[in-house]
file input_35.txt (compact mmCIF, C-alpha atoms)
# COMPACT_ATOMS: atom_id res chain seq x y z
CA MET A 17 -15.77 86.21 -99.72
CA SER A 18 -12.43 84.76 -100.81
CA PHE A 19 -11.27 81.20 -101.45
CA LYS A 20 -8.93 81.56 -98.49
CA SER A 21 -11.87 82.27 -96.18
CA LEU A 22 -13.36 78.90 -97.15
CA GLY A 23 -10.45 77.12 -95.45
CA LEU A 24 -8.64 75.69 -98.47
CA SER A 25 -4.93 74.83 -98.18
CA GLU A 26 -2.16 77.06 -99.50
CA PRO A 27 -1.19 74.75 -102.42
CA LEU A 28 -4.81 74.86 -103.63
CA LEU A 29 -4.99 78.64 -103.19
CA LYS A 30 -1.82 78.92 -105.25
CA ALA A 31 -3.34 76.83 -108.06
CA ILE A 32 -6.58 78.84 -107.94
CA SER A 33 -4.64 82.10 -108.14
CA LYS A 34 -2.63 80.79 -111.09
CA LYS A 35 -5.89 80.22 -112.98
CA GLY A 36 -6.86 83.83 -112.28
CA TYR A 37 -9.79 83.16 -109.96
CA GLU A 38 -10.29 85.51 -107.04
CA THR A 39 -13.72 84.90 -105.54
CA PRO A 40 -15.77 81.68 -105.40
CA SER A 41 -18.98 81.34 -107.38
CA PRO A 42 -22.24 80.86 -105.43
CA ILE A 43 -22.19 77.07 -105.80
CA GLN A 44 -18.54 76.95 -104.71
CA ALA A 45 -19.20 79.14 -101.67
CA LYS A 46 -22.13 76.94 -100.63
CA ALA A 47 -20.70 73.49 -101.42
CA ILE A 48 -17.05 73.73 -100.35
CA PRO A 49 -17.55 74.26 -96.56
CA PRO A 50 -19.79 71.19 -95.95
CA VAL A 51 -17.54 69.02 -98.13
CA LEU A 52 -14.51 70.12 -96.09
CA GLU A 53 -16.44 69.13 -92.96
CA GLY A 54 -16.78 65.62 -94.35
CA LYS A 55 -20.52 65.81 -94.93
CA ASP A 56 -22.45 64.31 -97.82
CA VAL A 57 -23.70 66.97 -100.23
CA LEU A 58 -26.57 67.09 -102.73
CA ALA A 59 -26.04 70.10 -104.97
CA SER A 60 -28.15 71.62 -107.72
CA ALA A 61 -26.16 73.71 -110.18
CA GLN A 62 -26.70 74.64 -113.81
CA THR A 63 -23.96 74.27 -116.40
CA GLY A 64 -21.37 77.04 -116.24
CA THR A 65 -21.74 77.82 -112.53
CA GLY A 66 -18.33 76.48 -111.51
CA LYS A 67 -19.69 73.30 -109.95
CA THR A 68 -16.64 71.20 -110.87
CA ALA A 69 -14.41 73.29 -108.63
CA GLY A 70 -17.16 73.04 -106.03
CA PHE A 71 -16.30 69.40 -105.45
CA THR A 72 -12.73 69.02 -106.79
CA LEU A 73 -11.20 71.71 -104.54
CA PRO A 74 -12.47 70.40 -101.19
CA MET A 75 -11.92 66.80 -102.32
CA LEU A 76 -8.26 67.50 -103.09
CA HIS A 77 -7.91 69.34 -99.77
CA LEU A 78 -9.18 66.31 -97.85
CA LEU A 79 -7.06 63.82 -99.80
CA SER A 80 -3.89 65.88 -99.31
CA LYS A 81 -4.38 65.81 -95.53
CA GLY A 82 -4.23 62.01 -95.42
CA PRO A 83 -1.03 60.03 -94.73
CA GLU A 84 1.28 59.45 -97.69
CA GLN A 85 1.21 55.87 -98.92
CA ARG A 86 3.82 53.96 -100.85
CA TYR A 87 1.19 52.26 -102.94
CA ARG A 88 -1.57 54.59 -104.03
CA PRO A 89 -5.06 53.04 -103.99
CA ILE A 90 -7.94 54.87 -105.64
CA ARG A 91 -9.21 57.10 -102.81
CA ALA A 92 -11.62 59.31 -104.77
CA LEU A 93 -13.93 58.26 -107.62
CA ILE A 94 -15.67 60.82 -109.84
CA LEU A 95 -18.32 59.30 -112.09
CA THR A 96 -19.46 61.28 -115.16
CA PRO A 97 -21.94 60.45 -117.96
CA THR A 98 -19.84 61.36 -121.01
CA ARG A 99 -16.28 61.13 -122.28
CA GLU A 100 -16.03 64.87 -122.82
CA LEU A 101 -17.12 65.67 -119.29
CA ALA A 102 -14.75 63.06 -117.86
CA ALA A 103 -11.83 64.60 -119.75
CA GLN A 104 -12.80 68.11 -118.65
CA VAL A 105 -13.19 67.17 -114.98
CA HIS A 106 -9.82 65.40 -115.05
CA ALA A 107 -8.21 68.48 -116.57
CA ASN A 108 -9.58 70.50 -113.65
CA VAL A 109 -8.29 67.96 -111.12
CA LYS A 110 -4.83 68.15 -112.66
CA GLU A 111 -4.80 71.95 -112.66
CA TYR A 112 -5.94 72.29 -109.05
CA SER A 113 -3.59 69.57 -107.78
CA GLU A 114 -0.52 71.05 -109.49
CA PHE A 115 1.14 71.90 -106.16
CA LEU A 116 -0.07 68.81 -104.31
CA ASN A 117 1.32 65.28 -104.15
CA ILE A 118 -1.81 63.90 -105.80
CA ARG A 119 -1.97 61.61 -108.81
CA SER A 120 -5.04 61.31 -111.00
CA ALA A 121 -6.24 59.51 -114.13
CA VAL A 122 -9.25 59.45 -116.43
CA ILE A 123 -10.80 56.42 -118.12
CA PHE A 124 -13.60 56.23 -120.69
CA GLY A 125 -14.68 54.05 -123.58
CA GLY A 126 -14.22 54.57 -127.30
CA VAL A 127 -10.41 54.51 -127.08
CA ASN A 128 -7.70 51.91 -126.49
CA GLN A 129 -7.69 50.86 -122.85
CA LYS A 130 -3.95 50.06 -122.69
CA PRO A 131 -2.68 53.62 -121.94
CA GLN A 132 -5.39 53.97 -119.28
CA VAL A 133 -4.42 50.65 -117.69
CA ASN A 134 -0.74 51.65 -117.68
CA LYS A 135 -1.61 54.83 -115.82
CA LEU A 136 -3.69 52.94 -113.27
CA SER A 137 -0.91 50.44 -112.64
CA GLN A 138 1.35 53.25 -111.42
CA GLY A 139 -1.02 54.01 -108.56
CA ILE A 140 -3.42 56.98 -108.45
CA ASP A 141 -5.38 58.88 -105.82
CA VAL A 142 -8.23 60.27 -107.95
CA LEU A 143 -10.02 58.44 -110.75
CA VAL A 144 -12.43 60.17 -113.14
CA ALA A 145 -14.48 57.66 -115.12
CA THR A 146 -17.51 56.91 -117.23
CA PRO A 147 -19.56 53.91 -116.02
CA GLY A 148 -18.99 51.51 -118.91
CA ARG A 149 -15.19 51.59 -118.99
CA LEU A 150 -15.00 51.58 -115.19
CA ILE A 151 -17.05 48.40 -114.90
CA ASP A 152 -15.17 46.82 -117.80
CA LEU A 153 -11.74 47.36 -116.23
CA GLU A 154 -12.97 46.25 -112.81
CA ASN A 155 -14.33 43.04 -114.35
CA GLN A 156 -10.89 42.42 -115.84
CA GLY A 157 -9.30 42.85 -112.42
CA LEU A 158 -7.34 45.89 -113.62
CA LEU A 159 -8.54 48.23 -110.87
CA SER A 160 -9.97 48.07 -107.36
CA LEU A 161 -12.43 50.42 -105.73
CA ASN A 162 -12.32 48.93 -102.22
CA ARG A 163 -10.34 51.88 -100.79
CA VAL A 164 -12.52 54.72 -102.11
CA GLU A 165 -13.06 57.42 -99.46
CA ILE A 166 -14.92 60.02 -101.55
CA PHE A 167 -17.49 59.22 -104.24
CA VAL A 168 -18.72 61.95 -106.61
CA LEU A 169 -21.66 61.50 -108.98
CA ASP A 170 -21.53 64.38 -111.45
CA GLU A 171 -24.48 65.37 -113.65
CA ALA A 172 -26.65 62.74 -112.00
CA ASP A 173 -29.73 63.81 -113.98
CA ARG A 174 -28.00 63.08 -117.27
CA MET A 175 -26.78 59.76 -115.88
CA LEU A 176 -30.40 58.71 -115.43
CA ASP A 177 -31.41 60.12 -118.82
CA MET A 178 -28.74 57.96 -120.45
CA GLY A 179 -29.87 54.79 -118.70
CA PHE A 180 -26.92 54.40 -116.32
CA LEU A 181 -28.96 53.63 -113.18
CA ARG A 182 -28.08 49.93 -113.13
CA ASP A 183 -24.40 50.71 -113.73
CA ILE A 184 -24.45 53.19 -110.83
CA GLU A 185 -26.05 50.59 -108.56
CA ARG A 186 -23.43 48.06 -109.60
CA ILE A 187 -20.57 50.49 -108.92
CA MET A 188 -22.01 51.34 -105.50
CA LYS A 189 -21.52 47.69 -104.50
CA LEU A 190 -17.83 47.90 -105.40
CA ILE A 191 -16.96 50.80 -103.09
CA PRO A 192 -16.88 50.80 -99.26
CA ASN A 193 -20.07 51.53 -97.35
CA LYS A 194 -18.20 54.05 -95.22
CA ARG A 195 -17.38 56.95 -97.50
CA GLN A 196 -18.24 60.58 -98.25
CA ASN A 197 -20.74 61.09 -101.09
CA LEU A 198 -21.22 64.15 -103.28
CA MET A 199 -23.98 64.35 -105.90
CA PHE A 200 -24.33 67.18 -108.41
CA SER A 201 -27.35 67.59 -110.68
CA ALA A 202 -28.85 70.40 -112.76
CA THR A 203 -32.33 69.48 -111.52
CA PHE A 204 -33.88 67.83 -108.46
CA SER A 205 -36.46 65.56 -110.10
CA LYS A 206 -38.26 62.81 -108.19
CA ASP A 207 -35.90 60.23 -109.71
CA ILE A 208 -32.86 62.23 -108.65
CA LYS A 209 -34.14 62.54 -105.09
CA LYS A 210 -34.85 58.81 -105.00
CA LEU A 211 -31.31 58.07 -106.17
CA ALA A 212 -29.89 60.55 -103.66
CA TYR A 213 -31.66 58.87 -100.75
CA SER A 214 -30.15 55.52 -101.79
CA ILE A 215 -26.59 56.91 -101.93
CA LEU A 216 -26.27 59.89 -99.58
CA ASN A 217 -26.22 59.88 -95.80
CA HIS A 218 -28.02 62.87 -94.21
CA PRO A 219 -26.85 65.18 -97.02
CA VAL A 220 -26.52 68.94 -96.91
CA GLN A 221 -28.60 70.27 -99.81
CA VAL A 222 -27.31 73.33 -101.65
CA GLU A 223 -28.56 75.20 -104.72
CA ALA A 224 -26.75 77.84 -106.76
CA THR A 225 -29.88 79.04 -108.58
CA PRO A 226 -33.60 78.42 -108.18
CA GLU A 227 -34.56 74.99 -109.45
CA ASN A 228 -35.11 74.67 -113.20
CA THR A 229 -34.73 78.38 -114.01
CA ALA A 230 -32.92 79.78 -117.03
CA VAL A 231 -29.89 81.99 -116.53
CA GLU A 232 -31.13 85.58 -116.33
CA VAL A 233 -28.38 87.11 -118.46
CA ILE A 234 -29.38 85.00 -121.48
CA GLU A 235 -31.43 86.74 -124.16
CA GLN A 236 -34.06 84.26 -125.35
CA LYS A 237 -36.01 84.47 -128.59
CA VAL A 238 -38.31 82.20 -130.59
CA TYR A 239 -38.53 82.29 -134.39
CA ARG A 240 -41.83 80.87 -135.60
CA VAL A 241 -41.08 79.15 -138.91
CA ALA A 242 -42.42 76.48 -141.25
CA LYS A 243 -40.71 73.13 -140.61
CA GLY A 244 -39.31 72.94 -144.14
CA LYS A 245 -37.82 76.44 -143.92
CA LYS A 246 -35.78 75.95 -140.76
CA THR A 247 -32.51 75.16 -142.54
CA GLY A 248 -32.76 78.26 -144.73
CA LEU A 249 -33.54 80.45 -141.73
CA ILE A 250 -30.68 79.22 -139.57
CA ILE A 251 -28.21 79.72 -142.42
CA LYS A 252 -29.57 83.25 -142.96
CA LEU A 253 -29.25 84.15 -139.27
CA ILE A 254 -25.69 82.84 -138.94
CA SER A 255 -24.51 84.31 -142.25
CA GLU A 256 -26.08 87.76 -141.95
CA GLY A 257 -25.20 88.01 -138.27
CA ASN A 258 -21.62 86.99 -139.09
CA TRP A 259 -21.69 84.79 -135.97
CA LYS A 260 -18.37 83.07 -135.36
CA GLN A 261 -19.18 80.55 -132.65
CA VAL A 262 -22.61 78.92 -132.63
CA LEU A 263 -23.72 75.75 -130.85
CA VAL A 264 -26.77 74.23 -132.58
CA PHE A 265 -28.95 71.50 -131.07
CA THR A 266 -30.87 68.84 -132.97
CA ARG A 267 -32.94 65.97 -131.57
CA THR A 268 -31.26 63.18 -133.53
CA LYS A 269 -27.83 62.14 -134.81
CA HIS A 270 -29.17 61.92 -138.37
CA GLY A 271 -30.55 65.43 -138.06
CA ALA A 272 -27.20 66.73 -136.84
CA ASN A 273 -25.35 65.18 -139.81
CA LYS A 274 -27.91 66.45 -142.33
CA LEU A 275 -27.86 70.02 -140.99
CA CYS A 276 -24.07 70.03 -140.83
CA LYS A 277 -23.84 69.11 -144.54
CA LYS A 278 -26.31 71.89 -145.44
CA MET A 279 -24.23 74.40 -143.48
CA ILE A 280 -21.03 73.39 -145.26
CA SER A 281 -22.77 73.60 -148.65
CA ALA A 282 -23.79 77.17 -147.74
CA GLY A 283 -20.16 78.10 -147.03
CA ILE A 284 -20.36 77.90 -143.23
CA THR A 285 -17.68 75.78 -141.58
CA ALA A 286 -19.47 73.26 -139.39
CA ALA A 287 -18.93 69.97 -137.59
CA ALA A 288 -21.34 67.48 -136.03
CA ILE A 289 -20.82 65.85 -132.64
CA HIS A 290 -22.91 62.92 -131.40
CA GLY A 291 -22.70 59.37 -130.07
CA ASN A 292 -21.92 57.75 -133.43
CA LYS A 293 -18.81 59.87 -133.88
CA SER A 294 -15.48 58.38 -132.77
CA GLN A 295 -13.71 59.96 -129.83
CA GLY A 296 -11.06 61.27 -132.22
CA ALA A 297 -13.67 62.93 -134.44
CA ARG A 298 -15.43 64.47 -131.45
CA THR A 299 -12.16 65.82 -130.02
CA LYS A 300 -11.19 67.26 -133.42
CA ALA A 301 -14.58 68.92 -133.88
CA LEU A 302 -14.48 70.50 -130.44
CA ALA A 303 -10.90 71.70 -130.91
CA GLY A 304 -11.85 73.32 -134.24
CA PHE A 305 -14.85 74.98 -132.63
CA LYS A 306 -12.73 76.39 -129.83
CA ASN A 307 -9.93 77.69 -132.06
CA GLY A 308 -12.32 79.30 -134.55
CA SER A 309 -11.68 77.10 -137.57
CA VAL A 310 -15.21 75.68 -137.14
CA ARG A 311 -17.97 78.30 -136.79
CA VAL A 312 -20.88 75.99 -136.03
CA LEU A 313 -20.96 72.90 -133.84
CA VAL A 314 -24.12 70.83 -134.39
CA ALA A 315 -24.82 68.49 -131.49
CA THR A 316 -27.34 66.23 -129.82
CA ASP A 317 -28.15 66.76 -126.13
CA ILE A 318 -26.11 63.84 -124.84
CA ALA A 319 -23.01 64.66 -126.90
CA ALA A 320 -23.04 68.32 -125.83
CA ARG A 321 -23.32 67.59 -122.12
CA GLY A 322 -20.09 68.39 -120.32
CA LEU A 323 -18.50 70.40 -123.14
CA ASP A 324 -16.39 73.20 -121.70
CA ILE A 325 -16.81 76.17 -124.03
CA PRO A 326 -16.20 79.45 -122.19
CA LEU A 327 -18.03 82.62 -123.22
CA LEU A 328 -20.12 80.93 -125.92
CA PRO A 329 -22.20 83.77 -127.47
CA HIS A 330 -24.90 81.87 -129.40
CA VAL A 331 -26.98 78.74 -128.85
CA ILE A 332 -29.66 77.77 -131.37
CA ASN A 333 -32.33 75.14 -130.86
CA PHE A 334 -32.87 73.92 -134.41
CA GLU A 335 -35.48 71.66 -132.82
CA LEU A 336 -36.94 72.09 -129.35
CA PRO A 337 -36.14 69.28 -126.94
CA ASN A 338 -38.80 66.73 -125.99
CA ILE A 339 -38.20 67.42 -122.30
CA SER A 340 -38.60 70.99 -121.04
CA GLU A 341 -35.70 70.72 -118.57
CA ASP A 342 -33.33 69.96 -121.45
CA TYR A 343 -34.04 73.45 -122.81
CA VAL A 344 -32.50 74.89 -119.65
CA HIS A 345 -29.45 72.64 -120.03
CA ARG A 346 -29.04 73.70 -123.65
CA ILE A 347 -29.26 77.46 -123.19
CA GLY A 348 -27.03 77.17 -120.13
CA ARG A 349 -24.14 76.68 -122.56
CA THR A 350 -24.19 80.45 -123.12
CA GLY A 351 -24.31 83.31 -120.63
CA ARG A 352 -21.60 81.66 -118.56
CA ALA A 353 -19.57 83.30 -115.81
CA GLY A 354 -21.77 86.40 -115.94
CA ALA A 355 -21.25 87.02 -119.66
CA GLU A 356 -24.20 87.83 -121.89
CA GLY A 357 -25.45 85.23 -124.32
CA GLN A 358 -28.21 84.67 -126.86
CA ALA A 359 -30.40 81.56 -127.11
CA LEU A 360 -32.61 81.25 -130.19
CA SER A 361 -35.19 78.58 -130.96
CA LEU A 362 -36.65 77.74 -134.36
CA VAL A 363 -40.17 76.54 -133.61
CA SER A 364 -42.49 74.87 -136.10
CA ALA A 365 -46.20 74.24 -135.55
CA ASP A 366 -45.77 70.69 -134.24
CA GLU A 367 -43.48 72.00 -131.47
CA THR A 368 -46.10 74.35 -130.02
CA THR A 369 -46.78 72.15 -127.01
CA TYR A 370 -43.03 71.84 -126.29
CA LEU A 371 -42.76 75.64 -126.30
CA GLN A 372 -45.68 75.96 -123.90
CA GLY A 373 -44.07 73.46 -121.55
CA ILE A 374 -40.76 75.36 -121.62
CA GLU A 375 -42.42 78.71 -120.90
CA LYS A 376 -44.30 77.16 -117.99
CA LEU A 377 -41.06 75.73 -116.61
CA ILE A 378 -39.05 78.96 -116.77
CA GLY A 379 -42.02 81.08 -115.68
CA GLU A 380 -41.98 83.54 -118.55
CA SER A 381 -43.09 84.02 -122.15
CA ILE A 382 -40.31 84.05 -124.72
CA GLU A 383 -40.24 86.83 -127.30
CA VAL A 384 -41.49 85.66 -130.71
CA GLU A 385 -40.30 86.91 -134.11
CA ILE A 386 -41.23 85.99 -137.67
CA VAL A 387 -38.74 86.59 -140.49
CA GLU A 388 -40.11 87.62 -143.88
CA GLY A 389 -39.82 84.76 -146.34
CA PHE A 390 -39.65 82.17 -143.55
CA GLU A 391 -43.18 82.48 -142.18
CA PRO A 392 -44.83 79.57 -140.38
CA ASP A 393 -47.28 77.41 -142.33
CA PRO A 394 -50.80 78.58 -141.33
CA ASP A 395 -52.28 75.18 -142.28
CA ALA A 396 -49.74 73.02 -140.40
CA SER A 397 -51.04 70.94 -137.51
CA THR A 398 -50.01 72.01 -134.03
CA GLU A 399 -50.57 68.47 -132.85
CA PRO A 400 -48.13 67.70 -130.07
CA ILE A 401 -45.66 64.92 -130.79
CA LYS A 402 -45.08 63.82 -127.22
CA PRO A 403 -44.40 60.09 -126.79
CA GLY A 404 -47.52 58.08 -126.06
CA GLN A 405 -49.97 60.77 -127.13
CA ASN A 406 -52.41 59.95 -129.94
CA ARG A 407 -53.28 62.09 -132.93
CA SER A 408 -56.82 62.88 -131.78
CA GLN A 409 -55.38 65.06 -129.01
CA GLY A 410 -53.83 67.49 -131.50
CA ARG A 411 -54.87 71.10 -131.55
CA GLY A 412 -54.24 72.08 -135.18
CA ARG A 413 -56.44 74.82 -136.51
CA ASN A 414 -57.78 72.48 -139.25
CA SER A 415 -57.50 69.26 -137.29
CA ASN A 416 -61.17 68.41 -137.97
CA SER A 417 -60.85 68.64 -141.72
CA ARG A 418 -60.09 65.60 -143.83
CA ASN A 419 -57.06 67.13 -145.53
CA SER A 420 -55.54 68.27 -142.27
CA SER A 421 -56.21 64.85 -140.76
CA LYS A 422 -54.26 63.18 -143.54
CA LYS A 423 -51.43 65.66 -143.12
CA SER A 424 -51.40 65.13 -139.38
CA SER A 425 -51.41 61.37 -139.82
CA GLY A 426 -48.34 61.59 -142.01
CA ASN A 427 -46.60 63.82 -139.50
CA SER A 428 -47.54 61.43 -136.72
CA LYS A 429 -45.94 58.48 -138.52
CA ASN A 430 -42.76 60.43 -139.08
CA SER A 431 -42.82 61.60 -135.48
CA ASN A 432 -43.22 58.03 -134.22
CA ARG A 433 -40.15 56.96 -136.15
CA SER A 434 -38.26 59.98 -134.83
CA ARG A 435 -39.33 59.25 -131.25
CA SER A 436 -38.21 55.64 -131.60
CA ARG A 437 -34.77 56.78 -132.73
CA ASN A 438 -34.69 59.34 -129.94
CA ARG A 439 -35.46 56.79 -127.21
CA ASN A 440 -32.77 54.46 -128.61
CA THR A 441 -30.30 57.33 -128.60
CA ASN A 442 -31.00 58.27 -124.98
CA SER A 443 -30.69 54.68 -123.79
CA ARG A 444 -27.13 54.30 -124.95
call {"tool": "encode", "arguments": {"input": "input_35.txt", "output": "structure tokens"}}
result
Amino acid sequence: MSFKSLGLSEPLLKAISKKGYETPSPIQAKAIPPVLEGKDVLASAQTGTGKTAGFTLPMLHLLSKGPEQRYRPIRALILTPTRELAAQVHANVKEYSEFLNIRSAVIFGGVNQKPQVNKLSQGIDVLVATPGRLIDLENQGLLSLNRVEIFVLDEADRMLDMGFLRDIERIMKLIPNKRQNLMFSATFSKDIKKLAYSILNHPVQVEATPENTAVEVIEQKVYRVAKGKKTGLIIKLISEGNWKQVLVFTRTKHGANKLCKKMISAGITAAAIHGNKSQGARTKALAGFKNGSVRVLVATDIAARGLDIPLLPHVINFELPNISEDYVHRIGRTGRAGAEGQALSLVSADETTYLQGIEKLIGESIEVEIVEGFEPDPDASTEPIKPGQNRSQGRGRNSNSRNSSKKSSGNSKNSNRSRSRNRNTNSR
């Protein structure tokens, strides 16, 4: 199958060819035809499957077929959860529309709004936006969404994770009822399906890969290790492996900063990226990671979502995510476009239940290795630290002993503080 066989216009085919693409990815082949037919689409696609082109190409095709207008109202709105993803989607829109008479702009918070407002005032066809800045500028009367023909909700699952449901509902009231809707999500959870039914009209449902499965080309491995030895082990693995580009995930912003400092002290160039970093700092860190001046990028889940890092060879879970599906999102950063990748997880005793949940989700057991000198603590509690679960449900080998109980109680208090920070982080 070729892009031409999908029915895309010559200017788009020219732009695709310029980027060096010859055949559409599975999600592109499945999503583009129904979008071109004007149908609503609900698509499930993991990171790195080419989903952005799956909606930008047919969207641009449809917009280019419309009558030229002297004043350009916003005719297509693409809503994304993060600044980085918004910038990346806009870059794709600009590349694919190079030979079309289409204008586009991107708006997001954390930066001066004046340049964004100036761009909007010139008239644009396609707007890529994050919810907060979009609502802010609309409240100021600096943009209007009453002429939107195509609405795209990208990474809908992460939108809900970040607490944007009310913002989405508010934005829906600002755009016309008669429109084409496209929703892309890595997973089809109950909440996603509920949101889809409230937005989409008789949608065509497409999936690039089976729901919630890890990419097959990714080599996965678990290192069982004592909690206090994780930092030493990750430094050993990166140093001795001479790895040049490693994306490391932590649960919290504080954890990302702390690990980053330890890396630098060990002679490994590293940068942290999370919600407390300014847009300038995040852009600089990502640029350094891409050009090789930064070997390790330490990130939280939300900050890493939407990062475009082609052919990333290594992803390390310094801490397993609280939610099993997030593991799939994380390791999906590697093994992209058919390339091989390696996903490693450093798992301490209190993350045992998380590991079991992940293995159940992906339908396989992950290979386990123990490195000499970094062995797991045989006396550590394996009590799960899931939110809302009490200490008595733990399954530590010495959970009935008084000493272990005291140890577990201490861990539980620390875990409660960590969970509180985590929930606050995800709600922003």
call {"tool": "closest_residue", "arguments": {"input": "input_35.txt", "among": "A:Lys237, A:Thr369, A:Val264, A:Thr98", "to": "Arg298 (chain A)", "atoms": "all atoms listed in the file"}}
result
A:Thr98
call {"tool": "residues_near_point", "arguments": {"input": "input_35.txt", "point": "(-28.5, 68.9, -93.2)", "cutoff": "9 Å", "atoms": "only C-alpha atoms", "output": "list in words"}}
result
Lys55, Asp56, Val57, His218, Pro219, Val220 and Gln221 of chain A
call {"tool": "residues_near_point", "arguments": {"input": "input_35.txt", "point": "(-41.7, 73.1, -143.8)", "cutoff": "12 Å", "atoms": "only C-alpha atoms", "output": "list in words"}}
result
Arg240, Val241, Ala242, Lys243, Gly244, Lys245, Lys246, Thr247, Gly248, Leu249, Leu362, Val363, Ser364, Ala365, Asp366, Phe390, Glu391, Pro392, Asp393, Pro394, Asp395, Ala396, Ser397 and Asn427 of chain A
call {"tool": "residues_around", "arguments": {"input": "input_35.txt", "residues": "Gly82 (chain A)", "least_positions_apart": "5", "cutoff": "12 Å", "atoms": "all atoms listed in the file", "output": "VMD selection string"}}
result
chain A and resid 75 to 77 88 91 116 to 118 141 165
call {"tool": "write_last_selection", "arguments": {"input": "input_35.txt", "atoms": "C-alpha atoms", "output": "short mmCIF file (atom, residue, chain, number, x, y, z; two decimals), keeping the file's coordinate frame"}}
result
data_model
loop_
_atom_site.label_atom_id
_atom_site.label_comp_id
_atom_site.auth_asym_id
_atom_site.auth_seq_id
_atom_site.Cartn_x
_atom_site.Cartn_y
_atom_site.Cartn_z
CA MET A 75 -11.92 66.80 -102.32
CA LEU A 76 -8.26 67.50 -103.09
CA HIS A 77 -7.91 69.34 -99.77
CA ARG A 88 -1.57 54.59 -104.03
CA ARG A 91 -9.21 57.10 -102.81
CA LEU A 116 -0.07 68.81 -104.31
CA ASN A 117 1.32 65.28 -104.15
CA ILE A 118 -1.81 63.90 -105.80
CA ASP A 141 -5.38 58.88 -105.82
CA GLU A 165 -13.06 57.42 -99.46
#
call {"tool": "closest_residue", "arguments": {"input": "input_35.txt", "among": "A:Glu388, A:Arg119, A:His330, A:Val144", "to": "Leu79 (chain A)", "atoms": "all atoms listed in the file"}}
result
A:Arg119
call {"tool": "atom_distance", "arguments": {"input": "input_35.txt", "atom1": "CA of Gln358 (chain A)", "atom2": "CA of Asn333 (chain A)"}}
result
11.1 Å
call {"tool": "atom_distance", "arguments": {"input": "input_35.txt", "atom1": "CA of Glu375 (chain A)", "atom2": "CA of Pro337 (chain A)"}}
result
12.8 Å
call {"tool": "residues_around", "arguments": {"input": "input_35.txt", "residues": "Ile251 (chain A)", "least_positions_apart": "2", "cutoff": "12 Å", "atoms": "all atoms listed in the file", "output": "PyMOL selection string"}}
result
chain A and resi 245-249+253-259+262+264+275-286+311-312+332+334+362+390
call {"tool": "closest_residue", "arguments": {"input": "input_35.txt", "among": "A:Ser60, A:Asn155, A:Asn162, A:Ser381", "to": "Ile208 (chain A)", "atoms": "only C-alpha atoms"}}
result
A:Ser60
call {"tool": "residues_around", "arguments": {"input": "input_35.txt", "residues": "region 313-317 of chain A", "least_positions_apart": "5", "cutoff": "8 Å", "atoms": "all atoms listed in the file", "output": "count of residues only"}}
result
23
call {"tool": "atom_distance", "arguments": {"input": "input_35.txt", "atom1": "CA of Leu176 (chain A)", "atom2": "CA of Asp207 (chain A)"}}
result
8.1 Å
call {"tool": "closest_residue", "arguments": {"input": "input_35.txt", "among": "A:Ile94, A:Ile339, A:Ile43, A:Leu153", "to": "Leu58 (chain A)", "atoms": "all atoms listed in the file"}}
result
A:Ile43
call {"tool": "closest_residue", "arguments": {"input": "input_35.txt", "among": "A:Asp183, A:Glu111, A:Glu171, A:Glu335", "to": "Pro147 (chain A)", "atoms": "all atoms listed in the file"}}
result
A:Asp183
